[in-house]
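J.: Below is my_file_36.cif; it holds mmCIF, C-alpha atoms.
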```cif
data_work
loop_
_atom_site.label_atom_id
_atom_site.label_comp_id
_atom_site.auth_asym_id
_atom_site.auth_seq_id
_atom_site.Cartn_x
_atom_site.Cartn_y
_atom_site.Cartn_z
CA MET A 28 136.45 48.01 94.39
CA THR A 29 138.92 46.38 92.04
CA ALA A 30 139.55 48.34 88.86
CA ILE A 31 138.57 46.50 85.70
CA PRO A 32 140.98 46.96 82.76
CA LEU A 33 139.05 48.33 79.80
CA GLY A 34 141.69 47.80 77.14
CA VAL A 35 140.54 46.09 73.97
CA PRO A 36 142.12 42.63 73.55
CA GLU A 37 144.47 42.00 70.67
CA VAL A 38 142.65 40.59 67.65
CA PRO A 39 144.71 38.80 64.97
CA VAL A 40 144.57 40.63 61.64
CA ARG A 41 142.63 38.59 59.11
CA PRO A 42 143.40 38.84 55.41
CA ILE A 43 140.99 41.14 53.63
CA ALA A 44 140.47 38.43 51.01
CA GLU A 45 141.88 35.12 49.89
CA ARG A 46 144.76 35.89 47.58
CA ARG A 47 144.33 34.93 43.95
CA VAL A 48 146.36 31.81 43.16
CA SER A 49 149.25 32.75 40.89
CA ARG A 50 152.66 31.62 39.81
CA ARG A 51 155.63 32.82 41.84
CA ILE A 52 158.61 34.51 40.25
CA GLN A 53 161.76 35.87 41.84
CA VAL A 54 162.78 39.47 41.21
CA GLY A 55 166.20 39.13 42.76
CA PRO A 56 165.57 38.19 46.40
CA VAL A 57 161.97 39.49 46.30
CA ALA A 58 159.30 36.87 45.62
CA VAL A 59 156.34 38.10 43.57
CA GLY A 60 153.13 36.08 43.36
CA GLY A 61 152.41 32.62 44.66
CA GLY A 62 151.17 33.96 48.00
CA ALA A 63 154.24 36.12 48.67
CA PRO A 64 153.56 39.45 50.43
CA VAL A 65 152.52 42.28 48.12
CA SER A 66 155.67 44.29 47.38
CA VAL A 67 156.05 48.03 46.79
CA GLN A 68 157.91 49.42 43.79
CA SER A 69 158.89 52.82 42.45
CA MET A 70 160.92 54.24 39.59
CA THR A 71 163.90 56.59 39.56
CA THR A 72 163.56 60.01 37.95
CA THR A 73 167.27 60.52 37.33
CA ARG A 74 169.02 59.88 34.05
CA THR A 75 170.15 56.29 34.43
CA SER A 76 173.45 57.17 32.77
CA ASP A 77 174.18 59.39 35.78
CA ILE A 78 175.18 56.45 37.95
CA GLY A 79 175.89 58.47 41.11
CA ALA A 80 172.57 60.32 41.07
CA THR A 81 170.65 57.16 40.26
CA LEU A 82 172.27 55.17 43.07
CA GLN A 83 171.64 58.06 45.47
CA GLN A 84 167.95 58.07 44.60
CA ILE A 85 167.79 54.30 44.92
CA ALA A 86 169.30 54.63 48.40
CA GLU A 87 166.61 57.17 49.32
CA LEU A 88 163.91 54.87 47.98
CA THR A 89 165.35 51.93 49.91
CA ALA A 90 165.28 53.99 53.11
CA SER A 91 161.62 54.86 52.49
CA GLY A 92 160.68 51.16 52.25
CA CYS A 93 160.83 50.53 48.51
CA GLN A 94 161.46 46.85 47.72
CA ILE A 95 161.99 46.91 43.95
CA VAL A 96 163.13 49.82 41.78
CA ARG A 97 162.76 50.41 38.06
CA VAL A 98 165.17 52.50 35.97
CA ALA A 99 164.60 53.88 32.48
CA CYS A 100 166.84 52.77 29.63
CA PRO A 101 166.16 54.87 26.52
CA THR A 102 169.79 55.27 25.35
CA GLN A 103 173.01 53.32 24.97
CA ASP A 104 174.59 55.37 27.76
CA ASP A 105 171.79 54.23 30.07
CA ALA A 106 172.28 50.63 29.01
CA ASP A 107 176.01 50.92 29.72
CA ALA A 108 175.25 52.10 33.27
CA LEU A 109 172.95 49.18 34.16
CA ALA A 110 175.62 46.71 35.26
CA THR A 111 177.07 49.08 37.87
CA ILE A 112 173.66 50.16 39.12
CA ALA A 113 172.37 46.60 39.37
CA ARG A 114 175.49 45.53 41.26
CA LYS A 115 175.53 48.42 43.73
CA SER A 116 171.80 48.84 44.37
CA GLN A 117 170.55 47.63 47.76
CA ILE A 118 167.27 46.46 46.18
CA PRO A 119 166.48 44.60 42.93
CA VAL A 120 166.71 46.73 39.78
CA ILE A 121 164.32 46.34 36.86
CA ALA A 122 165.29 47.86 33.52
CA ASP A 123 162.45 49.65 31.74
CA ILE A 124 162.74 49.14 27.98
CA HIS A 125 160.88 50.96 25.22
CA PHE A 126 161.49 51.22 21.48
CA GLN A 127 164.80 49.32 21.18
CA PRO A 128 164.90 45.51 21.59
CA LYS A 129 168.71 45.61 21.85
CA TYR A 130 168.41 47.19 25.30
CA VAL A 131 166.44 44.18 26.53
CA PHE A 132 169.48 42.02 25.87
CA ALA A 133 171.78 44.65 27.39
CA ALA A 134 169.71 44.69 30.58
CA ILE A 135 169.73 40.90 30.84
CA ASP A 136 173.49 40.78 30.29
CA ALA A 137 173.96 43.55 32.88
CA GLY A 138 172.44 41.39 35.59
CA CYS A 139 169.23 43.33 36.16
CA ALA A 140 166.80 41.48 38.42
CA ALA A 141 164.07 41.73 35.76
CA VAL A 142 163.22 43.55 32.56
CA ARG A 143 160.02 45.43 31.80
CA VAL A 144 159.04 45.54 28.14
CA ASN A 145 156.27 47.55 26.53
CA PRO A 146 155.32 45.57 23.42
CA GLY A 147 153.13 48.39 22.09
CA ASN A 148 156.06 50.63 21.31
CA ILE A 149 158.94 48.23 20.62
CA LYS A 150 159.21 47.84 16.86
CA GLN A 151 159.31 44.25 15.65
CA PHE A 152 159.10 43.08 19.27
CA ASP A 153 157.14 39.94 18.41
CA ASP A 154 159.86 38.87 15.98
CA ARG A 155 162.47 38.97 18.76
CA VAL A 156 160.54 37.07 21.44
CA LYS A 157 162.37 33.80 20.79
CA GLU A 158 165.77 35.45 21.32
CA ILE A 159 164.57 37.40 24.36
CA ALA A 160 163.02 34.31 25.92
CA GLN A 161 166.22 32.33 25.46
CA ALA A 162 168.43 35.08 26.88
CA ALA A 163 166.11 35.57 29.86
CA LYS A 164 165.95 31.83 30.47
CA ASP A 165 169.73 31.51 30.32
CA HIS A 166 170.20 34.27 32.91
CA GLY A 167 167.15 33.48 35.08
CA THR A 168 165.70 36.92 34.38
CA PRO A 169 161.92 37.45 34.70
CA ILE A 170 160.11 39.61 32.17
CA ARG A 171 157.29 42.04 32.95
CA ILE A 172 154.91 42.53 30.06
CA GLY A 173 153.78 46.09 30.70
CA VAL A 174 150.78 47.13 28.63
CA ASN A 175 149.79 50.81 28.85
CA ALA A 176 146.69 52.52 27.54
CA GLY A 177 148.84 55.32 26.09
CA SER A 178 151.02 53.01 24.03
CA LEU A 179 148.68 50.23 22.98
CA ASP A 180 149.44 48.38 19.76
CA ARG A 181 147.78 50.15 16.81
CA ARG A 182 146.17 46.91 15.67
CA LEU A 183 144.24 46.65 18.92
CA LEU A 184 143.28 50.31 18.86
CA GLN A 185 141.80 49.75 15.42
CA LYS A 186 139.97 46.64 16.63
CA TYR A 187 138.47 48.14 19.80
CA GLY A 188 138.41 51.84 18.95
CA LYS A 189 140.22 52.80 22.16
CA ALA A 190 142.10 51.30 25.09
CA THR A 191 139.28 49.26 26.58
CA PRO A 192 139.82 46.67 29.31
CA GLU A 193 139.41 43.98 26.67
CA ALA A 194 142.06 45.56 24.45
CA LEU A 195 144.57 45.81 27.30
CA VAL A 196 144.00 42.20 28.33
CA GLU A 197 144.19 40.87 24.78
CA SER A 198 147.50 42.67 24.24
CA ALA A 199 149.01 41.27 27.44
CA LEU A 200 147.85 37.70 26.89
CA TRP A 201 148.95 37.71 23.25
CA GLU A 202 152.48 38.70 24.23
CA ALA A 203 152.52 36.16 27.05
CA SER A 204 151.48 33.46 24.60
CA LEU A 205 154.46 34.27 22.39
CA PHE A 206 156.81 33.66 25.31
CA GLU A 207 154.92 30.49 26.21
CA GLU A 208 155.58 29.15 22.70
CA HIS A 209 159.26 29.16 23.68
CA ASP A 210 158.60 27.58 27.06
CA PHE A 211 159.21 30.79 28.99
CA ARG A 212 156.80 31.57 31.84
CA GLU A 213 158.84 33.67 34.26
CA ILE A 214 156.45 36.51 33.56
CA LYS A 215 154.46 39.11 35.43
CA ILE A 216 151.92 41.35 33.76
CA SER A 217 150.54 44.86 34.11
CA VAL A 218 147.63 46.44 32.22
CA LYS A 219 147.68 50.08 33.24
CA HIS A 220 145.21 52.83 32.48
CA ASN A 221 144.79 56.35 33.85
CA ASP A 222 141.09 55.72 34.56
CA PRO A 223 140.71 53.59 37.72
CA VAL A 224 137.41 52.14 36.51
CA VAL A 225 138.94 50.86 33.25
CA MET A 226 142.06 49.71 35.08
CA ILE A 227 140.09 47.75 37.69
CA GLU A 228 138.05 45.96 35.04
CA ALA A 229 141.14 45.15 32.98
CA TYR A 230 142.89 43.53 35.94
CA ARG A 231 139.72 41.70 36.94
CA GLN A 232 139.46 40.16 33.47
CA LEU A 233 143.17 39.41 33.34
CA ALA A 234 143.07 37.69 36.75
CA GLU A 235 140.37 35.33 35.44
CA GLN A 236 142.27 34.41 32.29
CA CYS A 237 145.80 33.67 33.50
CA ASP A 238 147.78 32.68 36.57
CA TYR A 239 150.69 35.09 36.12
CA PRO A 240 151.52 37.44 39.01
CA LEU A 241 150.10 40.90 38.44
CA HIS A 242 151.78 44.28 38.88
CA LEU A 243 149.13 46.88 39.77
CA GLY A 244 149.33 50.48 38.66
CA VAL A 245 147.18 53.43 37.63
CA THR A 246 149.37 54.99 34.97
CA GLU A 247 149.79 58.77 34.89
CA ALA A 248 147.70 58.95 38.06
CA GLY A 249 148.46 62.66 38.44
CA PRO A 250 149.72 65.07 41.12
CA ALA A 251 150.17 63.77 44.66
CA PHE A 252 146.63 64.33 45.97
CA GLN A 253 144.73 63.17 42.89
CA GLY A 254 147.12 60.30 42.18
CA THR A 255 146.96 59.06 45.75
CA ILE A 256 143.15 58.96 45.67
CA LYS A 257 142.99 57.23 42.28
CA SER A 258 145.61 54.66 43.25
CA ALA A 259 144.05 53.96 46.64
CA VAL A 260 140.63 53.44 45.10
CA ALA A 261 141.91 51.18 42.32
CA PHE A 262 144.30 49.15 44.46
CA GLY A 263 141.74 48.81 47.23
CA ALA A 264 139.12 47.49 44.81
CA LEU A 265 141.51 44.88 43.42
CA LEU A 266 143.45 43.87 46.52
CA SER A 267 140.19 43.45 48.43
CA ARG A 268 139.39 40.72 45.88
CA GLY A 269 142.81 39.14 46.32
CA ILE A 270 144.07 40.51 42.98
CA GLY A 271 147.57 41.99 42.86
CA ASP A 272 151.08 40.85 43.77
CA THR A 273 153.19 44.00 43.54
CA ILE A 274 152.23 47.68 43.25
CA ARG A 275 153.60 50.98 42.02
CA VAL A 276 151.83 54.26 42.82
CA SER A 277 152.53 56.60 39.89
CA LEU A 278 152.60 60.21 41.12
CA SER A 279 153.85 63.51 39.75
CA ALA A 280 155.88 63.76 42.95
CA PRO A 281 159.24 62.57 44.31
CA PRO A 282 159.54 58.77 44.07
CA ALA A 283 159.81 58.33 47.84
CA GLU A 284 156.29 59.77 48.11
CA GLU A 285 155.05 56.97 45.85
CA VAL A 286 156.54 54.44 48.22
CA LYS A 287 154.99 56.05 51.30
CA VAL A 288 151.55 56.01 49.68
CA GLY A 289 151.96 52.41 48.52
CA ILE A 290 153.00 51.23 51.96
CA GLN A 291 150.11 53.08 53.58
CA ILE A 292 147.62 51.49 51.17
CA LEU A 293 148.88 48.01 52.05
CA GLU A 294 148.84 48.77 55.77
CA SER A 295 145.29 50.12 55.55
CA LEU A 296 144.15 46.88 53.93
CA GLY A 297 145.92 44.72 56.50
CA LEU A 298 148.29 43.38 53.83
CA ARG A 299 151.33 44.72 55.64
CA GLN A 300 151.97 45.05 59.34
CA ARG A 301 151.07 48.56 60.42
CA ARG A 302 153.83 50.98 61.25
CA LEU A 303 153.55 54.40 62.88
CA GLU A 304 149.85 55.03 62.24
CA ILE A 305 148.27 58.38 62.98
CA VAL A 306 144.48 58.28 63.39
CA SER A 307 143.17 61.78 64.04
CA CYS A 308 139.65 63.17 64.22
CA PRO A 309 138.68 65.85 61.70
CA SER A 310 137.88 68.10 64.68
CA CYS A 311 134.53 69.78 65.29
CA GLY A 312 132.80 72.19 67.63
CA ARG A 313 133.19 69.69 70.49
CA ALA A 314 136.99 69.79 70.39
CA GLN A 315 138.52 71.58 73.36
CA VAL A 316 142.13 71.39 72.12
CA ASP A 317 143.91 72.13 68.85
CA VAL A 318 143.78 68.59 67.45
CA TYR A 319 145.68 69.47 64.28
CA LYS A 320 148.60 70.91 66.26
CA LEU A 321 148.66 67.96 68.66
CA ALA A 322 148.58 65.45 65.81
CA ASP A 323 151.41 67.16 63.93
CA GLU A 324 153.60 67.44 67.01
CA VAL A 325 153.06 63.82 68.06
CA THR A 326 153.77 62.62 64.53
CA ALA A 327 157.00 64.64 64.35
CA GLY A 328 158.08 63.44 67.79
CA LEU A 329 157.58 59.77 66.91
CA GLU A 330 159.01 59.87 63.39
CA GLY A 331 161.34 56.98 62.71
CA MET A 332 160.00 54.71 65.45
CA GLU A 333 160.54 51.12 64.39
CA VAL A 334 157.94 49.16 66.38
CA PRO A 335 154.20 48.63 65.71
CA LEU A 336 153.04 51.15 68.29
CA ARG A 337 149.53 52.60 68.10
CA VAL A 338 148.98 56.03 69.70
CA ALA A 339 145.60 57.81 69.90
CA VAL A 340 145.37 61.60 70.25
CA MET A 341 141.75 62.56 70.85
CA GLY A 342 140.22 66.01 70.94
CA CYS A 343 137.01 65.62 72.95
CA VAL A 344 135.23 63.46 75.52
CA VAL A 345 132.71 61.88 73.11
CA ASN A 346 134.92 59.33 71.35
CA GLY A 347 138.17 60.22 73.08
CA PRO A 348 138.27 57.79 76.01
CA GLY A 349 137.07 54.84 73.93
CA GLU A 350 139.56 55.45 71.12
CA ALA A 351 142.39 56.07 73.58
CA ARG A 352 141.66 52.76 75.33
CA GLU A 353 141.85 50.85 72.06
CA ALA A 354 145.36 52.10 71.32
CA ASP A 355 148.66 51.09 72.88
CA LEU A 356 148.99 54.68 74.00
CA GLY A 357 146.51 57.52 73.88
CA VAL A 358 145.19 60.80 75.23
CA ALA A 359 141.62 62.00 75.72
CA SER A 360 141.80 65.79 75.87
CA GLY A 361 139.46 68.45 77.24
CA ASN A 362 139.15 71.35 79.67
CA GLY A 363 142.83 72.21 79.37
CA LYS A 364 144.13 68.76 80.32
CA GLY A 365 144.55 65.27 78.97
CA GLN A 366 144.05 61.78 80.36
CA ILE A 367 146.94 59.56 79.31
CA PHE A 368 146.07 55.93 78.55
CA VAL A 369 148.56 53.06 78.32
CA LYS A 370 147.19 49.69 77.19
CA GLY A 371 143.63 50.76 77.99
CA GLU A 372 144.19 52.17 81.48
CA VAL A 373 144.52 55.78 82.64
CA ILE A 374 147.99 56.24 84.11
CA LYS A 375 147.96 60.01 84.69
CA THR A 376 146.30 63.32 83.89
CA VAL A 377 148.50 66.15 82.60
CA PRO A 378 147.94 69.79 81.62
CA GLU A 379 147.45 70.45 77.91
CA SER A 380 150.93 71.95 77.65
CA LYS A 381 152.44 68.62 78.74
CA ILE A 382 150.40 66.26 76.51
CA VAL A 383 152.89 65.96 73.64
CA GLU A 384 156.02 65.46 75.73
CA THR A 385 154.19 62.96 77.97
CA LEU A 386 152.99 60.94 74.99
CA ILE A 387 156.46 60.88 73.45
CA GLU A 388 158.01 59.85 76.77
CA GLU A 389 155.51 57.02 77.26
CA ALA A 390 155.87 55.98 73.62
CA MET A 391 159.61 55.60 74.07
CA LYS A 392 159.06 53.41 77.14
CA LEU A 393 156.61 51.20 75.25
CA ALA A 394 158.88 51.01 72.21
CA GLU A 395 161.82 49.97 74.34
CA GLN A 396 159.77 47.25 75.99
CA MET A 397 158.43 46.03 72.66
CA GLU A 398 161.93 45.85 71.21
CA GLN A 399 163.11 43.87 74.23
CA ASP A 400 160.18 41.51 73.73
CA GLY A 401 161.00 41.19 70.02
CA VAL A 402 157.64 42.61 68.92
CA GLY A 403 157.30 43.68 65.28
CA SER A 404 160.64 45.38 64.82
CA GLY A 405 160.46 47.73 61.86
CA GLU A 406 156.68 48.12 61.70
CA PRO A 407 155.15 50.88 63.97
CA ALA A 408 151.50 52.21 64.31
CA VAL A 409 149.94 55.50 65.83
CA THR A 410 146.33 56.72 66.16
CA VAL A 411 145.34 60.36 66.52
CA SER A 412 141.78 61.66 66.73
#
```
Before anything else, please render the file you have as structure tokens.
T.:
Amino acid sequence: MTAIPLGVPEVPVRPIAERRVSRRIQVGPVAVGGGAPVSVQSMTTTRTSDIGATLQQIAELTASGCQIVRVACPTQDDADALATIARKSQIPVIADIHFQPKYVFAAIDAGCAAVRVNPGNIKQFDDRVKEIAQAAKDHGTPIRIGVNAGSLDRRLLQKYGKATPEALVESALWEASLFEEHDFREIKISVKHNDPVVMIEAYRQLAEQCDYPLHLGVTEAGPAFQGTIKSAVAFGALLSRGIGDTIRVSLSAPPAEEVKVGIQILESLGLRQRRLEIVSCPSCGRAQVDVYKLADEVTAGLEGMEVPLRVAVMGCVVNGPGEAREADLGVASGNGKGQIFVKGEVIKTVPESKIVETLIEEAMKLAEQMEQDGVGSGEPAVTVS
């Protein structure tokens, strides 16, 4: 009898939703809005005036997949460092300006790829919009109007009582209108709040009332676990409606962790080609192997792989064979051994002690073949269950 391949055929990834139609701006070489891929941002935690430390952290962020980086500029020493940082950074640098309008001009003159301004805490900001718009126009520098719940203009707090979605949106659109009066529209907007429910509604309203590209963020999201959950929920709710053009996950954690979470959110929504993806079962009384240990060892062994490979590591015979067949590479484990699947077909059975090394060996073979075929370089995927 002829064996029938049981592998699941490749299905093209469909967009989770039609993207909201927006303007496109250029943050250095990175397009934002206008149908461009959703980009991932983070922010350095170093003192910007410490040029060496800042550039080192930017290099680490770049290696983790960050596409745009923001640096704080609260002092003149920080402003003086911007030109060198902007010139030597591998990715576009955005200067983050609060309190002092003069640093907006310094950032533009320094060649930053964009400038983020927080109108709520820049004194007399509205009176300087004409000058800022002209300087930004002359240098081709986009402006992000970044409205935060924690620094909302006092006039709007008095009007609404607190930082409601309506207050955040009114603040952002008012500031945008001031730039529009001077024929400047190279703008992106954020309306951040620490409550995902308020944040989601603010962006939903904003998306209906303007066509500017939107930067998504849950501000002060919290420690890594809490912040990841809040950001994933909020971003998922908005991106699944086609709302959002660039994202920053705000965590009380190293910046590279923000980037990893952001990339994973986009991959999970099909907005970015999947990379090394680990899908593992939570384990249960049916499991006949240590799934946690297998998953960790496979993940460590495949770290850094640069092709979209999907590997399934399964712990029992209930879902194991089916999940393993769906992956590029997989194992269905039980009774002290594992069936190794490649592209939906069993190629061998190995003892439990050999599962990890066999999977890594087969993964390397598949990766080499995929690279030779020019398949998805730089975007791997693994499944473990």
J.: Do you have the atom CA of A:Gly365-atom CA of A:Ala339 distance handy?
T.: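 Separating atom CA of A:Gly365 from atom CA of A:Ala339 is a distance of 11.8 Å.
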J.: Around all listed atoms of stretch 274-285 of chain A, padded 4 Å per side, what centre and edge lengths does the axis-aligned box have in Å to one decimal, as JSON?
T.:
```
{"center_x": 155.8, "center_y": 55.7, "center_z": 43.9, "size_x": 16.0, "size_y": 24.1, "size_z": 16.4}
```
J.: As a list of chain:residue names, please: the residues near A:Ser380 (cut-off 10 Å, only C-alpha atoms, same-chain neighbours under 4 positions excluded).
T.: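 What passes the distance filter is A:Gly363, A:Lys364, A:Gly365, A:Glu384, A:Thr385.
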J.: Name all residues at most 7 Å from stretch 101-112 of chain A (count only C-alpha atoms; drop same-chain ones fewer than 4 positions away) and give them as a list in words.
T.: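 Close residues of stretch 101-112 of chain A: Thr75, Ser76, Ile78, Leu82, Ser116, Ile124, His125, Tyr130, Ala133, Ala134, Ala137 and Gly138 of chain A.
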J.: Could you please determine the separation between atom CA of A:Ala190 and atom CA of A:Val54 in Å, to one decimal place?
T.: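 Taking atom CA of A:Ala190 and atom CA of A:Val54, their separation equals 28.8 Å.
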J.: Take the point (137.2, 40.1, 43.2) in the file's coordinates, draw a sphere of radius 12 Å around it, and report as JSON, numbers by chain every protein, DNA or RNA residue with an atom inside or on it, counting only C-alpha atoms.
T.: {"A": [43, 44, 45, 46, 47, 227, 228, 230, 231, 232, 233, 234, 235, 262, 263, 264, 265, 266, 267, 268, 269, 270, 271]}
J.: Rounded to one decimal, what separation in Å do you get between atom CA of A:Ala163 and atom CA of A:Leu179?
T.: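 Spanning atom CA of A:Ala163 to atom CA of A:Leu179 is a straight-line distance of 23.8 Å.
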J.: Under the PyMOL selection byres ((chain A and resi 276) around 12), which residues of this model are included? Write them out as a PDB file with C-alpha atoms, in the frame of the given file.
T.:
```pdb
ATOM      1  CA  SER A  66     155.670  44.290  47.380  1.00  0.00           C
ATOM      2  CA  VAL A  67     156.050  48.030  46.790  1.00  0.00           C
ATOM      3  CA  GLN A  68     157.910  49.420  43.790  1.00  0.00           C
ATOM      4  CA  SER A  69     158.890  52.820  42.450  1.00  0.00           C
ATOM      5  CA  MET A  70     160.920  54.240  39.590  1.00  0.00           C
ATOM      6  CA  CYS A  93     160.830  50.530  48.510  1.00  0.00           C
ATOM      7  CA  LYS A 219     147.680  50.080  33.240  1.00  0.00           C
ATOM      8  CA  ASN A 221     144.790  56.350  33.850  1.00  0.00           C
ATOM      9  CA  HIS A 242     151.780  44.280  38.880  1.00  0.00           C
ATOM     10  CA  LEU A 243     149.130  46.880  39.770  1.00  0.00           C
ATOM     11  CA  GLY A 244     149.330  50.480  38.660  1.00  0.00           C
ATOM     12  CA  VAL A 245     147.180  53.430  37.630  1.00  0.00           C
ATOM     13  CA  THR A 246     149.370  54.990  34.970  1.00  0.00           C
ATOM     14  CA  GLU A 247     149.790  58.770  34.890  1.00  0.00           C
ATOM     15  CA  ALA A 248     147.700  58.950  38.060  1.00  0.00           C
ATOM     16  CA  GLY A 249     148.460  62.660  38.440  1.00  0.00           C
ATOM     17  CA  PRO A 250     149.720  65.070  41.120  1.00  0.00           C
ATOM     18  CA  ALA A 251     150.170  63.770  44.660  1.00  0.00           C
ATOM     19  CA  PHE A 252     146.630  64.330  45.970  1.00  0.00           C
ATOM     20  CA  GLN A 253     144.730  63.170  42.890  1.00  0.00           C
ATOM     21  CA  GLY A 254     147.120  60.300  42.180  1.00  0.00           C
ATOM     22  CA  THR A 255     146.960  59.060  45.750  1.00  0.00           C
ATOM     23  CA  ILE A 256     143.150  58.960  45.670  1.00  0.00           C
ATOM     24  CA  LYS A 257     142.990  57.230  42.280  1.00  0.00           C
ATOM     25  CA  SER A 258     145.610  54.660  43.250  1.00  0.00           C
ATOM     26  CA  ALA A 259     144.050  53.960  46.640  1.00  0.00           C
ATOM     27  CA  VAL A 260     140.630  53.440  45.100  1.00  0.00           C
ATOM     28  CA  ALA A 261     141.910  51.180  42.320  1.00  0.00           C
ATOM     29  CA  PHE A 262     144.300  49.150  44.460  1.00  0.00           C
ATOM     30  CA  THR A 273     153.190  44.000  43.540  1.00  0.00           C
ATOM     31  CA  ILE A 274     152.230  47.680  43.250  1.00  0.00           C
ATOM     32  CA  ARG A 275     153.600  50.980  42.020  1.00  0.00           C
ATOM     33  CA  SER A 277     152.530  56.600  39.890  1.00  0.00           C
ATOM     34  CA  LEU A 278     152.600  60.210  41.120  1.00  0.00           C
ATOM     35  CA  SER A 279     153.850  63.510  39.750  1.00  0.00           C
ATOM     36  CA  ALA A 280     155.880  63.760  42.950  1.00  0.00           C
ATOM     37  CA  PRO A 281     159.240  62.570  44.310  1.00  0.00           C
ATOM     38  CA  PRO A 282     159.540  58.770  44.070  1.00  0.00           C
ATOM     39  CA  ALA A 283     159.810  58.330  47.840  1.00  0.00           C
ATOM     40  CA  GLU A 284     156.290  59.770  48.110  1.00  0.00           C
ATOM     41  CA  GLU A 285     155.050  56.970  45.850  1.00  0.00           C
ATOM     42  CA  VAL A 286     156.540  54.440  48.220  1.00  0.00           C
ATOM     43  CA  LYS A 287     154.990  56.050  51.300  1.00  0.00           C
ATOM     44  CA  VAL A 288     151.550  56.010  49.680  1.00  0.00           C
ATOM     45  CA  GLY A 289     151.960  52.410  48.520  1.00  0.00           C
ATOM     46  CA  ILE A 290     153.000  51.230  51.960  1.00  0.00           C
ATOM     47  CA  GLN A 291     150.110  53.080  53.580  1.00  0.00           C
ATOM     48  CA  ILE A 292     147.620  51.490  51.170  1.00  0.00           C
ATOM     49  CA  LEU A 293     148.880  48.010  52.050  1.00  0.00           C
TER      50      LEU A 293
END
```
J.: Where does the PyMOL selection byres ((chain A and resi 298) around 9) land in this file, that is, which residues does it pick, as an NGL selection string?
T.: :A and (42-43 or 64-65 or 266 or 292-297 or 299-301)
J.: So, with all atoms listed in the file as the atoms that count, which of A:Pro335, A:Gly401, A:Pro223, A:Gly328 lies closest to A:Arg302?
T.: A:Pro335
J.: Would you write out, as a PyMOL selection string, every residue that the PyMOL selection byres ((chain A and resi 172) around 8) captures in this file?
T.: chain A and resi 143-146+170-171+173-174+199+202-203+214-217
J.: Mind checking which residues fall within 10 Å of A:Ala162, counting all atoms listed in the file, ignoring those fewer than 4 positions away in the same chain, and posting them as a VMD selection string?
T.: chain A and resid 131 to 132 135 to 136 156 to 158 166 to 168
J.: Have a look at A:Gly357, A:Pro128, A:Gly79, A:Pro119 and name the one nearest to A:Ile95; count all atoms listed in the file.
T.: A:Pro119
J.: Applying 9 Å and all atoms listed in the file, which residues near A:Leu200 remain after dropping the ones on its own chain fewer than 3 positions away? List them as a ChimeraX atom specification.
T.: /A:195-197,203-205,216,233,236-237
J.: Reconstruct N, CA and C atoms of stretch 244-255 of chain A from the incomplete input and present them as a PDB file, in the coordinates of the input.
T.:
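Below you can see rebuild-v6.pdb, which holds the result:
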```pdb
ATOM      1  N   GLY A 244     148.962  49.082  38.801  1.00  0.00           N
ATOM      2  CA  GLY A 244     149.330  50.480  38.660  1.00  0.00           C
ATOM      3  C   GLY A 244     148.254  51.256  37.922  1.00  0.00           C
ATOM      4  N   VAL A 245     147.992  52.479  38.383  1.00  0.00           N
ATOM      5  CA  VAL A 245     147.180  53.430  37.630  1.00  0.00           C
ATOM      6  C   VAL A 245     148.189  54.343  36.948  1.00  0.00           C
ATOM      7  N   THR A 246     148.319  54.234  35.653  1.00  0.00           N
ATOM      8  CA  THR A 246     149.370  54.990  34.970  1.00  0.00           C
ATOM      9  C   THR A 246     148.998  56.458  34.876  1.00  0.00           C
ATOM     10  N   GLU A 247     150.016  57.318  34.926  1.00  0.00           N
ATOM     11  CA  GLU A 247     149.790  58.770  34.890  1.00  0.00           C
ATOM     12  C   GLU A 247     148.669  59.164  35.844  1.00  0.00           C
ATOM     13  N   ALA A 248     148.777  58.722  37.090  1.00  0.00           N
ATOM     14  CA  ALA A 248     147.700  58.950  38.060  1.00  0.00           C
ATOM     15  C   ALA A 248     147.534  60.429  38.383  1.00  0.00           C
ATOM     16  N   GLY A 249     148.607  61.233  38.243  1.00  0.00           N
ATOM     17  CA  GLY A 249     148.460  62.660  38.440  1.00  0.00           C
ATOM     18  C   GLY A 249     149.272  63.201  39.597  1.00  0.00           C
ATOM     19  N   PRO A 250     149.031  64.473  39.979  1.00  0.00           N
ATOM     20  CA  PRO A 250     149.720  65.070  41.120  1.00  0.00           C
ATOM     21  C   PRO A 250     149.434  64.280  42.395  1.00  0.00           C
ATOM     22  N   ALA A 251     150.188  64.595  43.452  1.00  0.00           N
ATOM     23  CA  ALA A 251     150.170  63.770  44.660  1.00  0.00           C
ATOM     24  C   ALA A 251     148.775  63.503  45.202  1.00  0.00           C
ATOM     25  N   PHE A 252     147.955  64.540  45.375  1.00  0.00           N
ATOM     26  CA  PHE A 252     146.630  64.330  45.970  1.00  0.00           C
ATOM     27  C   PHE A 252     145.743  63.483  45.074  1.00  0.00           C
ATOM     28  N   GLN A 253     145.594  63.905  43.825  1.00  0.00           N
ATOM     29  CA  GLN A 253     144.730  63.170  42.890  1.00  0.00           C
ATOM     30  C   GLN A 253     145.234  61.752  42.663  1.00  0.00           C
ATOM     31  N   GLY A 254     146.552  61.620  42.463  1.00  0.00           N
ATOM     32  CA  GLY A 254     147.120  60.300  42.180  1.00  0.00           C
ATOM     33  C   GLY A 254     146.987  59.356  43.356  1.00  0.00           C
ATOM     34  N   THR A 255     147.114  59.890  44.555  1.00  0.00           N
ATOM     35  CA  THR A 255     146.960  59.060  45.750  1.00  0.00           C
ATOM     36  C   THR A 255     145.536  58.524  45.840  1.00  0.00           C
TER      37      THR A 255
END
```
